[in-house]
Amino acid sequence: MAERGPTLLFSVFFCLLCYVFHTVASTKDEYSEELLIIPFRSGQVYSHFEFTTLWDVDFAQGGGGRYKLQHFRLFPRALGQVMTEYRVQEMHLTLTQGMWQQDKWGYPVTSAAPGAELWAWFQQEVDDVDQAWFGLTNALSGLFCASLNFIDSTSTATPHLSFRPQGLAEGLFSTKPSHLQYATLPRENVCTENLTPWKKLLPCSTRTGLAALFHAGQLYNTQYSSLGVHLRPVCRNDSCRDASLELRQVLSTVADPPATLNGKQDWSMKRYFSRSLSGPCPMAVTSRVYVDVTTNQTSSFTLKPEPTELKLTNYQGYNRKLAVYDLWSFPFHKEHGLNVDMKWKKEVSYKELFPPRLYVHRFVTGYGQEHGGIMSLLYNRHPYLEQQIIYMELLPWFTRMYLHTLKVETTEGNLVQPLLTRYTPGRDRQNPYLLEIVLTLPPDSTTRISFSFERAFLKWTEYPPDANHGFYISSAVLTTILRQADNFTVPPHMGSGLQSGLFHSSTEFPLRLHTETLLISLPTPDFSMPYNVICLTCTVIAIAFGSLHNLTTRRFQYTDLKKANSGGMRAWLAQLFGRGKHATSEDKLREPGKESEDPGEESETSEENDYIGEQRELVTPRVRAESDKKDR
Amino acid sequence: MGLLSDPKSRERFSRIAAKYNSPLCVLAYVVGVVWFLALAYKPFNHRTYFSENALLPGLVEGKFRTENVATRISQAMKDIKDVSKDGPMPVAWIVNQFRGLGLDTYTQEYIQTIPVPSARQSEEQGKEMFVQLNGTNVYAILRAPRTASTEAIVLSAPYKHYLNMDHNNHAFGLMIALASHFRKSSYWSKDIIFLLVDYDEIGMEAWLQEYHYTKSPLLKSSPLHGRSGSIQAAINLELHSDQVSHFNVKLEGLNGLLPNLDLVNLVVQLCGRERITVKLHQQRDTFPSEGWPAFQQNLKTMSLMMLHQATGMPNGLHGLFLRYHIEAVTLEGVLEPGRSTTGFYRMGRVLEGVFRSLNNLLERFHQSFFFYLLPASDRYVSIGMYMPPFGLILLVTALKISFWAVYIGTPDPDPWDGEENVVIEHIHSKKTGDGQGDNTDSKRGVTKIRTQNYSDGDVWSLVPVVSCCQVAGFIASISPMVMTGLGHLFGTRPYQALITGATGMFFASLFMPKCITRNRLACTVNTLRLWKCAALVLQAIILAATAAANFSLGMLLAVTMVPVCAMVRPGKLRFLQAVLMLLVSPLGLLVIYTGLYLLLTETEYHGVVPSAMHLCTVVYYNILSGVIHGYVLGTWQYTLLALAVFPNWLFFWCIVFKKRDVPVVENKEEKKTS
């Protein structure tokens, strides 16, 4: 028995261990990394990284109970804990520097507003959404070193139409419209301090795999760079009985080679990421690089090294040719790493651009510091198809929007009747103005949405240190579903990963576009002269207060003339300062306060009423008028 | 009242003001004028300095090296122009130049009608009656990397259409060279808009209106399909040659607006760094900077600036930006024979420096002065310095007002002839007499005089005369519009009709006193005094308000109108007074100041008759452009003159010719007082 004891203990322990491993293994997770490179006809080169972690975990389990994410493997624990704590069902955070230029570059894989944009759906069970939102923004602020903690009720809104859940939204995942929170920080500057925590969330960090290309100095020396974290529940399989948690980490940059390279569009990983790939991330199931070579027919370039595969896709007549480098099958042992290199024979010839079928341009109208307006031009360049869109405008409280000035018309002057208008008026220092319009854009037209606003005069402590820089208005959002995808960069993915988007056969293309952020100037006091202002105001107050105080507190009274004459100095002063021209002869002004210093005169004060005689006279006209009244 | 101020000392002050009125007036005026002129002297003004530290001028290394592009492009443009003769702007070629650099290039077409009485009228009567301008602006936006296009800086250049003149092709060449240089750098934090404007001011106005979407019904233009954010600053470039001897920096904008002094300093400083001479109004800074010749030179520069500013017309395209609170200056490259010259390389480096400094800006220009006068490119007179002398000049009016306000009620039979002294003595003696006696009576005496004020002067008599003057002013303000319409019916040329309209009312209203005297207004001495007083009050208000908006205009009006109007009185020396009044009439002032301007700028003298002819022509064009700019660009100088200054002047004119009736009322007064 004595010998079997430890063995039994060991076998029990072993069984337990097996069970634990089993449960962990049952929550399967999967990681894939992809990079898409598209040379634009306008000369820029777009690189879009996408890292997808798919975790088969029942995170909406428990109907009312708290769900819990634990036993993290590939999924970043830091993020998972935040999700659990604030019961987030879906979360989209983008940190962007620069603006996506729709008319030159088409549509991005993931659209992002300049600055920071965060929107989240909370689970149905969350009672206090504001509290959860407050917690989430603060947690994310710490996690990504972004000033997301500045998101408060004045910048948060709950759009009803524009931001529908992107993942599962039925059954356990059904939620209430009020559980959506949306906010932007258009002034947010994005740089390496945000990139570093972001790349720490990746399983391989930046040691190997595609993430090894992240060289901050190069990534932020581009035209546009955007970071994104997207979290949503997705179907685990086709039957969709169970859900998985999908985390998409997205990084896009747009480089502009012709600006620096004598007008040529030549692009290589070594030049634009300052290193080449040494191999896939060992954790990744798929690790691929796609290069769009569709334009190779028109503007010929050579692509080195040879891709492992060439793929043709076709969405509704629009052909696309992709060169694929599968990092798992790429012969890294032969080559010295993978350095995708595109070389053009000729310089970029800039022609008139062909903007996509649907795009937006927004700007501030008017001048001066009292009123202003915002106008959006919505271009639908499709020759015969109407386009139904949702337009959302989120204005800070200090631009007080006038809804009655809202005007939707085509540039020819035909009124366009909105199908639906949702408007949430803002309140000063509490919540922003939110406007959502559903309308149908006529084919081949430009539609103008315009309204005017009043610029609020802030309290002087509400101005930022650089008050004269101006105030930002976040970009408007246009949401729609396109019927034709011929101008899509990459159609959005129904499944997970870029692959599902690149090689799919959908007929609907949900699209979201972000417009320009706007900079407006509010009436600003002259902060450069606070000292002068304070001095001037104080002087005015002092003068006004001093004389009023003097007049209201001073008591005029009769004094004995003989004594007054013997007052000597004081009488002489009174005479000198010309307290009336009669100061020479008789009268004299007395103040009680001063008299109290002199005990000899104090007695007279008490006697003042008994002594109204001919020898006494008053000086001040006002007092005389009063005494006249008394006499009457 | 009397709570915060002592009524007695006020009385004493007004008594002093009345007693020594004339000497005080003369003193205030002389001191004011001398003080103002002295501001041009170096010890009385200040050296310019940078308030906005973010500009960091000249701290970066200039890397501009694409001057050969400038030479090539400007030559190419000249060739095109030579082939097409007086053709339109080669839009397609220009667009290709910009697009070839990879910039977002857009065009804007517009049609401007000049002058436009009203949109309806032009539709009814056909459009032939007015000059129409079609133009196409071309602009290209260099998008700054990693920014959301929220801010922009503009580099603009006009494309000139005048015959036998270069059409600013050098500026365009330099613009393209700068664009190709700027495109290579990634340090831009603000978009740069390169704008080539068709037809000077009108094209600029069309572009700015469309950019800010502030449409006027008079201008039709195609929408802009590309924009950047809010424009922070603009530099307008005019080059007369590829080699320039100096840059003439133009500041004066629409309605006398001036760009922030920091921007001016920036340009001046960077030009100095590249050893390019800077001139203001083609006037060179003197060296040594002290002494009599330097003072003369500085005064000349300052006067030219004031004369320019007073017109309210922009002297370059930059002037139109200022309305939109965009700080802007024009750099005019001038080739003066016999001077050392600089080429595109140095000019490019100056502009590169300016743009990189502007790129550093974190906030809009807000620090330095917006109201100033420049006696030299590195000396300034700020608002705090020039306002006191102006105040002294206005003090003359104020003193006269106080004088008449105090003595309106005096029952003197003939004070206009007997001079004020009689009145003063009269009152004075009364005062002193009272002073010896009991005090109450003297007080009553004073109050009596006070109470008589408004019973004697017939306040209601002001209503017809003021309203007549105002109606005349109103007619004058609309008459150019009406006359062009009428002129069209009679087949007169629009410009002639316009001039007739603008000046006709002036000459017609010279006969207004005739009409006024005929009516049955009771016109006692006191009524006349009241008139004078009211006219002076109006004048003071108008001048003060004008000076606040456009100081130079206010100052130039005050210097001439105040002394004459203070002296004006009905009765003696009517002819002399009339001549003086005519001299300070709006038209007279225009002639005087145009003459002064020509005197300061023209170097050659051709004799009396040609000079007079030349003066007339210039005056003619000044009126014309004043009226037309009012329609097209929205300057308010003509309107101000017609609606405020002219009626006020007319009021004084009526006072000169007013005959004093001998009404019965006055005798009664006499009896009463005696």
# chains A, B, ... in the order shown; residues from 1 in each chain; ligands from 1
$ closest_atom_pairs --of "chain B" --to "chain A" --cutoff "7 Å" --atoms "only C-alpha atoms" --output "Markdown table"
| residue | atom | partner | partner_atom | distance |
| --- | --- | --- | --- | --- |
| B:Leu4 | CA | A:Ser547 | CA | 6.6 |
| B:Arg99 | CA | A:Tyr350 | CA | 6.1 |
| B:Gly100 | CA | A:Tyr350 | CA | 5.7 |
| B:Gly102 | CA | A:Tyr350 | CA | 6.1 |
| B:Pro145 | CA | A:Gln223 | CA | 4.2 |
| B:Arg146 | CA | A:Gly98 | CA | 3.7 |
| B:Thr147 | CA | A:Gly98 | CA | 4.1 |
| B:Ala148 | CA | A:Met99 | CA | 4.7 |
| B:Thr150 | CA | A:Leu519 | CA | 5.6 |
| B:Arg183 | CA | A:Ala259 | CA | 6.1 |
| B:Lys184 | CA | A:Ala259 | CA | 4.8 |
| B:His212 | CA | A:Thr365 | CA | 4.7 |
| B:Tyr213 | CA | A:Thr365 | CA | 5.2 |
| B:Thr214 | CA | A:Gly366 | CA | 5.6 |
| B:Gly229 | CA | A:Leu518 | CA | 6.7 |
| B:Ser230 | CA | A:Leu519 | CA | 6.5 |
| B:Tyr324 | CA | A:Tyr367 | CA | 5.8 |
| B:Leu362 | CA | A:His469 | CA | 6.3 |
| B:Glu363 | CA | A:His469 | CA | 3.9 |
| B:Arg364 | CA | A:Asn468 | CA | 5.7 |
| B:Gln367 | CA | A:Ser528 | CA | 6.9 |
$ residues_around --residues "stretch 612-614 of chain B" --least-positions-apart "5" --cutoff "10 Å" --atoms "only C-alpha atoms" --output "MDAnalysis selection string"
chainID B and resid 595 598 606:607 619:620
$ write_last_selection --atoms "C-alpha atoms" --output "compact mmCIF listing (two decimals), in the first residue's frame"
# COMPACT_ATOMS: atom_id res chain seq x y z
CA GLY B 595 -2.68 114.65 -56.99
CA LEU B 598 0.93 111.33 -58.38
CA HIS B 606 5.45 117.32 -68.14
CA GLY B 607 4.05 120.79 -67.52
CA VAL B 619 -9.36 110.58 -60.96
CA TYR B 620 -11.77 109.29 -63.58
$ residues_around --residues "B:Val354" --least-positions-apart "5" --cutoff "8 Å" --atoms "only C-alpha atoms" --output "ChimeraX atom specification"
/B:57,266-267,270
$ write_last_selection --atoms "C-alpha atoms" --output "CSV table (one decimal), in the first residue's frame"
chain,number,residue,atom,x,y,z
B,57,PRO,CA,12.3,82.0,-39.9
B,266,LEU,CA,8.7,86.9,-42.3
B,267,VAL,CA,8.9,87.8,-45.9
B,270,LEU,CA,13.9,86.0,-45.5
$ atom_distance --atom1 "atom CA of A:Asp56" --atom2 "atom CA of A:Phe214"
28.6 Å
$ residues_around --residues "B:Val31" --least-positions-apart "4" --cutoff "10 Å" --atoms "only C-alpha atoms" --output "ChimeraX atom specification"
/B:25-27,35-37,389,392-393
$ residues_around --residues "stretch 188-205 of chain B" --least-positions-apart "6" --cutoff "9 Å" --atoms "only C-alpha atoms" --output "mmCIF file with N, CA and C atoms, in the first residue's frame"
data_model
loop_
_atom_site.group_PDB
_atom_site.id
_atom_site.type_symbol
_atom_site.label_atom_id
_atom_site.label_comp_id
_atom_site.auth_asym_id
_atom_site.auth_seq_id
_atom_site.Cartn_x
_atom_site.Cartn_y
_atom_site.Cartn_z
ATOM 1 N N PRO B 88 -6.928 82.837 -74.843
ATOM 2 C CA PRO B 88 -7.212 82.572 -73.440
ATOM 3 C C PRO B 88 -6.039 81.872 -72.765
ATOM 4 N N MET B 89 -6.167 81.697 -71.490
ATOM 5 C CA MET B 89 -5.118 81.036 -70.718
ATOM 6 C C MET B 89 -4.988 79.589 -71.196
ATOM 7 N N ILE B 94 -1.405 74.043 -68.708
ATOM 8 C CA ILE B 94 -1.101 74.306 -67.295
ATOM 9 C C ILE B 94 -1.499 73.105 -66.439
ATOM 10 N N PHE B 98 0.932 70.732 -63.879
ATOM 11 C CA PHE B 98 0.686 70.369 -62.475
ATOM 12 C C PHE B 98 0.531 68.868 -62.329
ATOM 13 N N TYR B 110 -15.559 80.208 -64.453
ATOM 14 C CA TYR B 110 -16.495 81.180 -63.881
ATOM 15 C C TYR B 110 -16.880 82.212 -64.920
ATOM 16 N N GLN B 112 -18.149 86.231 -64.827
ATOM 17 C CA GLN B 112 -18.426 87.392 -63.985
ATOM 18 C C GLN B 112 -18.967 88.498 -64.870
ATOM 19 N N LEU B 133 -16.897 88.510 -68.221
ATOM 20 C CA LEU B 133 -15.589 87.882 -68.223
ATOM 21 C C LEU B 133 -15.746 86.392 -67.972
ATOM 22 N N ASN B 134 -15.225 85.587 -68.842
ATOM 23 C CA ASN B 134 -15.167 84.165 -68.548
ATOM 24 C C ASN B 134 -13.727 83.834 -68.258
ATOM 25 N N GLY B 135 -13.532 83.045 -67.286
ATOM 26 C CA GLY B 135 -12.165 82.667 -66.971
ATOM 27 C C GLY B 135 -12.113 81.261 -66.438
ATOM 28 N N THR B 136 -10.915 80.726 -66.384
ATOM 29 C CA THR B 136 -10.716 79.390 -65.830
ATOM 30 C C THR B 136 -9.529 79.439 -64.890
ATOM 31 N N ASN B 137 -9.780 79.171 -63.647
ATOM 32 C CA ASN B 137 -8.678 79.082 -62.691
ATOM 33 C C ASN B 137 -8.176 77.652 -62.655
ATOM 34 N N VAL B 138 -6.893 77.518 -62.510
ATOM 35 C CA VAL B 138 -6.330 76.176 -62.362
ATOM 36 C C VAL B 138 -5.645 76.114 -61.009
ATOM 37 N N TYR B 139 -5.911 75.073 -60.263
ATOM 38 C CA TYR B 139 -5.219 74.937 -58.998
ATOM 39 C C TYR B 139 -4.846 73.491 -58.757
ATOM 40 N N ALA B 140 -3.778 73.319 -58.025
ATOM 41 C CA ALA B 140 -3.292 71.972 -57.741
ATOM 42 C C ALA B 140 -2.987 71.888 -56.260
ATOM 43 N N ILE B 141 -3.310 70.765 -55.687
ATOM 44 C CA ILE B 141 -3.111 70.597 -54.248
ATOM 45 C C ILE B 141 -2.022 69.563 -54.004
ATOM 46 N N LEU B 142 -1.019 69.989 -53.278
ATOM 47 C CA LEU B 142 0.003 69.041 -52.821
ATOM 48 C C LEU B 142 -0.448 68.566 -51.454
ATOM 49 N N ARG B 143 -0.872 67.303 -51.392
ATOM 50 C CA ARG B 143 -1.413 66.795 -50.125
ATOM 51 C C ARG B 143 -0.255 66.483 -49.180
ATOM 52 N N ALA B 144 -0.330 67.057 -48.015
ATOM 53 C CA ALA B 144 0.720 66.785 -47.036
ATOM 54 C C ALA B 144 0.547 65.366 -46.533
ATOM 55 N N PRO B 145 1.645 64.617 -46.405
ATOM 56 C CA PRO B 145 1.513 63.252 -45.928
ATOM 57 C C PRO B 145 1.075 63.209 -44.463
ATOM 58 N N ARG B 146 0.351 62.165 -44.124
ATOM 59 C CA ARG B 146 -0.043 61.911 -42.735
ATOM 60 C C ARG B 146 -0.862 63.030 -42.111
ATOM 61 N N THR B 147 -1.508 63.842 -42.920
ATOM 62 C CA THR B 147 -2.449 64.795 -42.339
ATOM 63 C C THR B 147 -3.784 64.597 -43.021
ATOM 64 N N SER B 149 -5.693 66.754 -44.370
ATOM 65 C CA SER B 149 -6.045 67.921 -45.188
ATOM 66 C C SER B 149 -6.874 68.922 -44.411
ATOM 67 N N THR B 150 -6.460 69.223 -43.209
ATOM 68 C CA THR B 150 -7.241 70.177 -42.437
ATOM 69 C C THR B 150 -6.731 71.601 -42.589
ATOM 70 N N GLU B 151 -5.484 71.748 -42.962
ATOM 71 C CA GLU B 151 -4.933 73.090 -43.097
ATOM 72 C C GLU B 151 -4.225 73.222 -44.447
ATOM 73 N N ALA B 152 -4.138 74.424 -44.919
ATOM 74 C CA ALA B 152 -3.489 74.620 -46.211
ATOM 75 C C ALA B 152 -2.791 75.967 -46.269
ATOM 76 N N ILE B 153 -1.822 76.071 -47.146
ATOM 77 C CA ILE B 153 -1.169 77.338 -47.468
ATOM 78 C C ILE B 153 -1.307 77.512 -48.975
ATOM 79 N N VAL B 154 -1.468 78.733 -49.407
ATOM 80 C CA VAL B 154 -1.692 78.960 -50.835
ATOM 81 C C VAL B 154 -0.518 79.720 -51.442
ATOM 82 N N LEU B 155 -0.097 79.280 -52.599
ATOM 83 C CA LEU B 155 0.829 80.064 -53.422
ATOM 84 C C LEU B 155 0.072 80.387 -54.699
ATOM 85 N N SER B 156 -0.211 81.649 -54.903
ATOM 86 C CA SER B 156 -1.027 81.988 -56.062
ATOM 87 C C SER B 156 -0.260 82.912 -56.991
ATOM 88 N N ALA B 157 -0.681 82.952 -58.224
ATOM 89 C CA ALA B 157 -0.113 83.879 -59.197
ATOM 90 C C ALA B 157 -1.192 84.211 -60.199
ATOM 91 N N PRO B 158 -1.292 85.474 -60.560
ATOM 92 C CA PRO B 158 -2.284 85.826 -61.576
ATOM 93 C C PRO B 158 -1.741 85.576 -62.979
ATOM 94 N N TYR B 159 -2.619 85.201 -63.866
ATOM 95 C CA TYR B 159 -2.250 85.121 -65.284
ATOM 96 C C TYR B 159 -2.764 86.393 -65.914
ATOM 97 N N LYS B 160 -1.851 87.214 -66.408
ATOM 98 C CA LYS B 160 -2.261 88.531 -66.893
ATOM 99 C C LYS B 160 -2.575 88.470 -68.374
ATOM 100 N N HIS B 161 -3.627 89.191 -68.727
ATOM 101 C CA HIS B 161 -4.062 89.156 -70.112
ATOM 102 C C HIS B 161 -3.690 90.392 -70.901
ATOM 103 N N PHE B 172 4.702 81.734 -62.845
ATOM 104 C CA PHE B 172 4.213 80.365 -63.025
ATOM 105 C C PHE B 172 5.378 79.377 -63.076
ATOM 106 N N MET B 175 6.563 78.831 -59.713
ATOM 107 C CA MET B 175 5.570 78.062 -58.969
ATOM 108 C C MET B 175 5.723 76.566 -59.247
ATOM 109 N N ILE B 176 5.902 76.243 -60.525
ATOM 110 C CA ILE B 176 6.072 74.825 -60.880
ATOM 111 C C ILE B 176 7.375 74.277 -60.300
ATOM 112 N N ALA B 179 6.807 73.657 -56.766
ATOM 113 C CA ALA B 179 5.930 72.496 -56.568
ATOM 114 C C ALA B 179 6.721 71.208 -56.714
ATOM 115 N N PHE B 182 8.853 70.910 -53.600
ATOM 116 C CA PHE B 182 8.079 70.628 -52.392
ATOM 117 C C PHE B 182 7.567 69.193 -52.384
ATOM 118 N N ARG B 227 -10.727 70.174 -52.553
ATOM 119 C CA ARG B 227 -10.415 71.248 -51.621
ATOM 120 C C ARG B 227 -9.421 70.728 -50.614
ATOM 121 N N SER B 228 -8.805 71.665 -49.934
ATOM 122 C CA SER B 228 -8.028 71.276 -48.770
ATOM 123 C C SER B 228 -8.772 71.834 -47.566
ATOM 124 N N GLY B 229 -8.095 71.987 -46.445
ATOM 125 C CA GLY B 229 -8.791 72.469 -45.256
ATOM 126 C C GLY B 229 -8.795 73.978 -45.170
ATOM 127 N N ILE B 231 -7.519 77.578 -44.940
ATOM 128 C CA ILE B 231 -6.283 78.174 -45.448
ATOM 129 C C ILE B 231 -5.688 79.067 -44.365
ATOM 130 N N GLN B 232 -4.420 78.856 -44.065
ATOM 131 C CA GLN B 232 -3.788 79.584 -42.976
ATOM 132 C C GLN B 232 -3.083 80.842 -43.469
ATOM 133 N N PRO B 314 -7.695 96.459 -53.131
ATOM 134 C CA PRO B 314 -6.501 95.647 -52.928
ATOM 135 C C PRO B 314 -5.473 95.977 -53.999
ATOM 136 N N GLY B 316 -3.129 94.005 -54.852
ATOM 137 C CA GLY B 316 -2.620 92.729 -55.338
ATOM 138 C C GLY B 316 -3.667 91.684 -55.026
ATOM 139 N N LEU B 317 -3.466 90.488 -55.540
ATOM 140 C CA LEU B 317 -4.476 89.455 -55.318
ATOM 141 C C LEU B 317 -4.573 89.044 -53.861
ATOM 142 N N HIS B 318 -3.500 89.286 -53.113
ATOM 143 C CA HIS B 318 -3.526 88.882 -51.707
ATOM 144 C C HIS B 318 -4.649 89.570 -50.956
ATOM 145 N N GLY B 319 -5.011 90.766 -51.441
ATOM 146 C CA GLY B 319 -5.981 91.572 -50.718
ATOM 147 C C GLY B 319 -7.316 90.891 -50.520
ATOM 148 N N LEU B 320 -7.636 89.988 -51.434
ATOM 149 C CA LEU B 320 -8.946 89.345 -51.343
ATOM 150 C C LEU B 320 -8.959 88.226 -50.312
ATOM 151 N N PHE B 321 -7.785 87.692 -50.021
ATOM 152 C CA PHE B 321 -7.724 86.641 -49.004
ATOM 153 C C PHE B 321 -8.092 87.198 -47.629
ATOM 154 N N PHE B 355 7.580 79.274 -47.011
ATOM 155 C CA PHE B 355 6.628 78.164 -46.888
ATOM 156 C C PHE B 355 7.006 77.205 -45.772
ATOM 157 N N ARG B 356 8.286 77.041 -45.569
ATOM 158 C CA ARG B 356 8.648 76.136 -44.468
ATOM 159 C C ARG B 356 8.353 76.783 -43.131
ATOM 160 N N LEU B 358 5.866 78.910 -42.648
ATOM 161 C CA LEU B 358 4.418 78.826 -42.505
ATOM 162 C C LEU B 358 4.006 77.407 -42.125
ATOM 163 N N ASN B 359 4.764 76.455 -42.635
ATOM 164 C CA ASN B 359 4.494 75.059 -42.331
ATOM 165 C C ASN B 359 4.682 74.781 -40.837
ATOM 166 N N ASN B 360 5.566 75.557 -40.227
ATOM 167 C CA ASN B 360 5.806 75.360 -38.795
ATOM 168 C C ASN B 360 4.685 75.868 -37.920
ATOM 169 N N VAL B 632 -18.174 94.333 -57.614
ATOM 170 C CA VAL B 632 -17.566 93.037 -57.899
ATOM 171 C C VAL B 632 -16.901 92.438 -56.668
ATOM 172 N N LEU B 633 -16.143 93.252 -55.965
ATOM 173 C CA LEU B 633 -15.381 92.711 -54.842
ATOM 174 C C LEU B 633 -15.976 93.047 -53.497
#
